[in-house]
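Student: Have a look at the structure that comes next, please.
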Amino acid sequence: MSRSAVIAVAIFLVAHLAFLIGLVTPEKFVFDEVHYVPAARQMLGSTASQTMLNPMHPPLAKELIAASIAAFGDNAFGWRYPAALFGALAIVAIYLCGLALFGLQGPAIAAALIAAFNQMLYVQARIAMLDIFALGFGLLAIAAFMHGFRRERPQALFALAGALFGLAAACKWSGLFPLGVCIVIVAVIRLMQGWHTLFADAKPADWYRPDLWPGFRAHHAVLCFVLLPVVTYVPAFVPLYGVSLPDLLEAQRRIFADNTTAAIAGHTYMSSWPSWPLLARPVWYLFDRTTDDNVAAIVFLGNPLVLWPALFALLMVLRDFIVARRWDAFLIAAFYFGPWFAWALLPRTLGFIYYYLPAATAASLALVYVLRREGVPRWLLWGYVGIAAIGFAVMLPISAAFIGTSMQMFNRLMLFQSWI
């Protein structure tokens with residue numbers, strides 16, 4: 001086994017264990033578990049409802065929750081275990097993305113640690129919602145795409161990416177956003193090559209080259225980014241709808257209608273996509289008073305010591321993509337801004353900060369990119385990892401219900417009025 005594989009397995013095991021600690025607290029439903037766990041129970045035939053529950057999202061993530069319930073019981077561990085599993089896979093995927101971008105173990109491990117110390121991923125990996133499943137599959141697909149991007153023959157890795165994107169979309173349609181980014185990247189590069197575009201001062205690190213992917217044809221692109229995603233997406237629906245084409249198409253129509261219709265009703269924790277990077281409006285998944293002065297809380301917020309500095313790092317990434325044309329800066333920018341800006345295209349007015357999770361996780365790559373630039377002291381990257389860990393530890397009492405905190409500390413951590 002290669003060194004990279006050993007490190008990937010080690011990252012997975014450590015992250016998996018960390019996510020499992022206190023997973024069963026609380027033993028009741030948290031936030032949107034009230035929608036997805038009953039839908040999973042229905043798939044096991046354990047509910048009497050005749051109406052299909054939660055048809056507005058594809059079934060794969062709920063099927064994985066159902067399989068966990070069948071294996072571990074209809075309890076908090078059974079509901080949440082798959083989320084912990086996919087949260088660990090998401091951190092491994094960031095490590096693999098780091099290897100593709102930076103070519104060194106140290107920066108790749110640092111990226112994985114920064115992603116792990118961002119409270120967003122930690123909180124979402126411990127709740128039975130759909131987003132962590134789409135994130136895990138989607139980041140693995142992005143890692144495959146990044147590893148194939150600079151190869152002469154990227155067909156196999158691009159095919160793997162397409163198959164994984166199909167699985168991400170089968171969990172939640174937001175898994176289609178990074179697939180769309182890949183399609184746009186391939187289309188733009190092929191269009192520029194068709195126009196015989198040349199950079200006058202061409203460099204080896206350019207994101208575009210006229211000789212990129214010499215054997216990758218149009219039919220390869222269709223196979224990798226259209227047909228294979230469909231092939232891996234559709235089977236999740238078969239247990240519910242059989243192989244009836246009209247029923248399968250009606251299921252897609254229903255998902256499309258439910259996810260593109262402008263929402264009329266508001267929500268206490270709703271927020272708009274421009275506000276997400278600023279952490280302007282978190283979502284309180286849980287707030288229970290355990291005693292007169294103590295609470296068990298789960299707040300989906302994000303680590304300010306990660307996500308606020310990431311905004312400045314992303315500006316430098318954009319600068320290097322535009323001015324220096326660096327391929328690594330180009331890919332980081334594409335997979336940060338693409339999944340985030342995609343929400344601006346939807347007519348829905350009801351949005352939540354947890355939709356920002358894929359972009360926020362990719363932001364760890366931007367931080368590592370900036371902290372390993374030429375002229376930056378090598379110790380600074382690991383010093384920053386330590387700072388991110390401190391921020392994570394400080395916010396852990398409002399991220400994990402099993403720890404609990406005093407009302408006084410909770411109020412101190414709620415820095416802004418909009419967080420309350």
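Labeling convention for the structure tokens: chains A, B, ... as they appear, residues from 1 per chain, ligands from 1 in order of appearance.
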With only C-alpha atoms as the counted atoms, please give the residues lying no more than 6 Å from range 16-27 of chain A, apart from itself and same-chain residues fewer than 6 positions off, as JSON, numbers by chain.

Tutor: {"A": [76, 77, 84, 88, 401, 402]}

Student: Per DSSP on the backbone, filter range 182-302 of chain A down to the residues in alpha helix (DSSP H) and report them as a VMD selection string.

Tutor: chain A and resid 182 to 194 218 to 222 228 to 233 238 to 241 245 to 260

Student: So how far away is CA of Gly106 in chain A from CA of Val376 in chain A, in Å?

Tutor: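 These two atoms are separated by 14.9 Å.
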
Student: Find the residues near range 270-273 of chain A: any atom within 8 Å, counting only C-alpha atoms, skip ones fewer than 5 places away on the same chain, and give them as a VMD selection string.

Tutor: chain A and resid 281 283 340 to 341 343 to 344 349 to 353 356

Student: Taking 4 positions as the minimum chain separation for residues in the same chain, which residues sit within 9 Å of range 62-74 of chain A when counting only C-alpha atoms? Answer as a ChimeraX atom specification.

Tutor: /A:36-37,39-44,58,78-83,128-130,171,236

Student: What are the closest atom pairs, with distances in Å to one decimal, for all residues of range 324-361 of chain A lying within 10 Å of range 136-154 of chain A? Consider only C-alpha atoms, order rows by chain and residue number, and present the result as a tab-separated table.

Tutor:
residue	atom	partner	partner_atom	distance
A:Trp327	CA	A:Arg150	CA	8.8
A:Asp328	CA	A:Met146	CA	8.9
A:Leu331	CA	A:Met146	CA	7.5
A:Ile332	CA	A:Met146	CA	9.6
A:Phe335	CA	A:Ile142	CA	8.0
A:Pro358	CA	A:Leu139	CA	8.1
A:Thr361	CA	A:Leu139	CA	9.1

Student: Which residues are near Val123 in chain A? Cut-off 10 Å, only C-alpha atoms, ignore same chain within fewer than 4 positions. Put them as a PyMOL selection string.

Tutor: chain A and resi 19+83-84+87+118-119+127+132+285+298-302+354+396+398-400

Student: Report, in Å with one decimal, the straight-line distance from CA of Phe256 in chain A to CA of Leu227 in chain A.

Tutor: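 Separation of CA of Phe256 in chain A and CA of Leu227 in chain A: 19.5 Å.
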
Student: If you count only C-alpha atoms, which residues fall within 7 Å of Phe177 in chain A, apart from same-chain ones fewer than 3 positions away, as a VMD selection string?

Tutor: chain A and resid 174 180 to 181 338 to 339 342
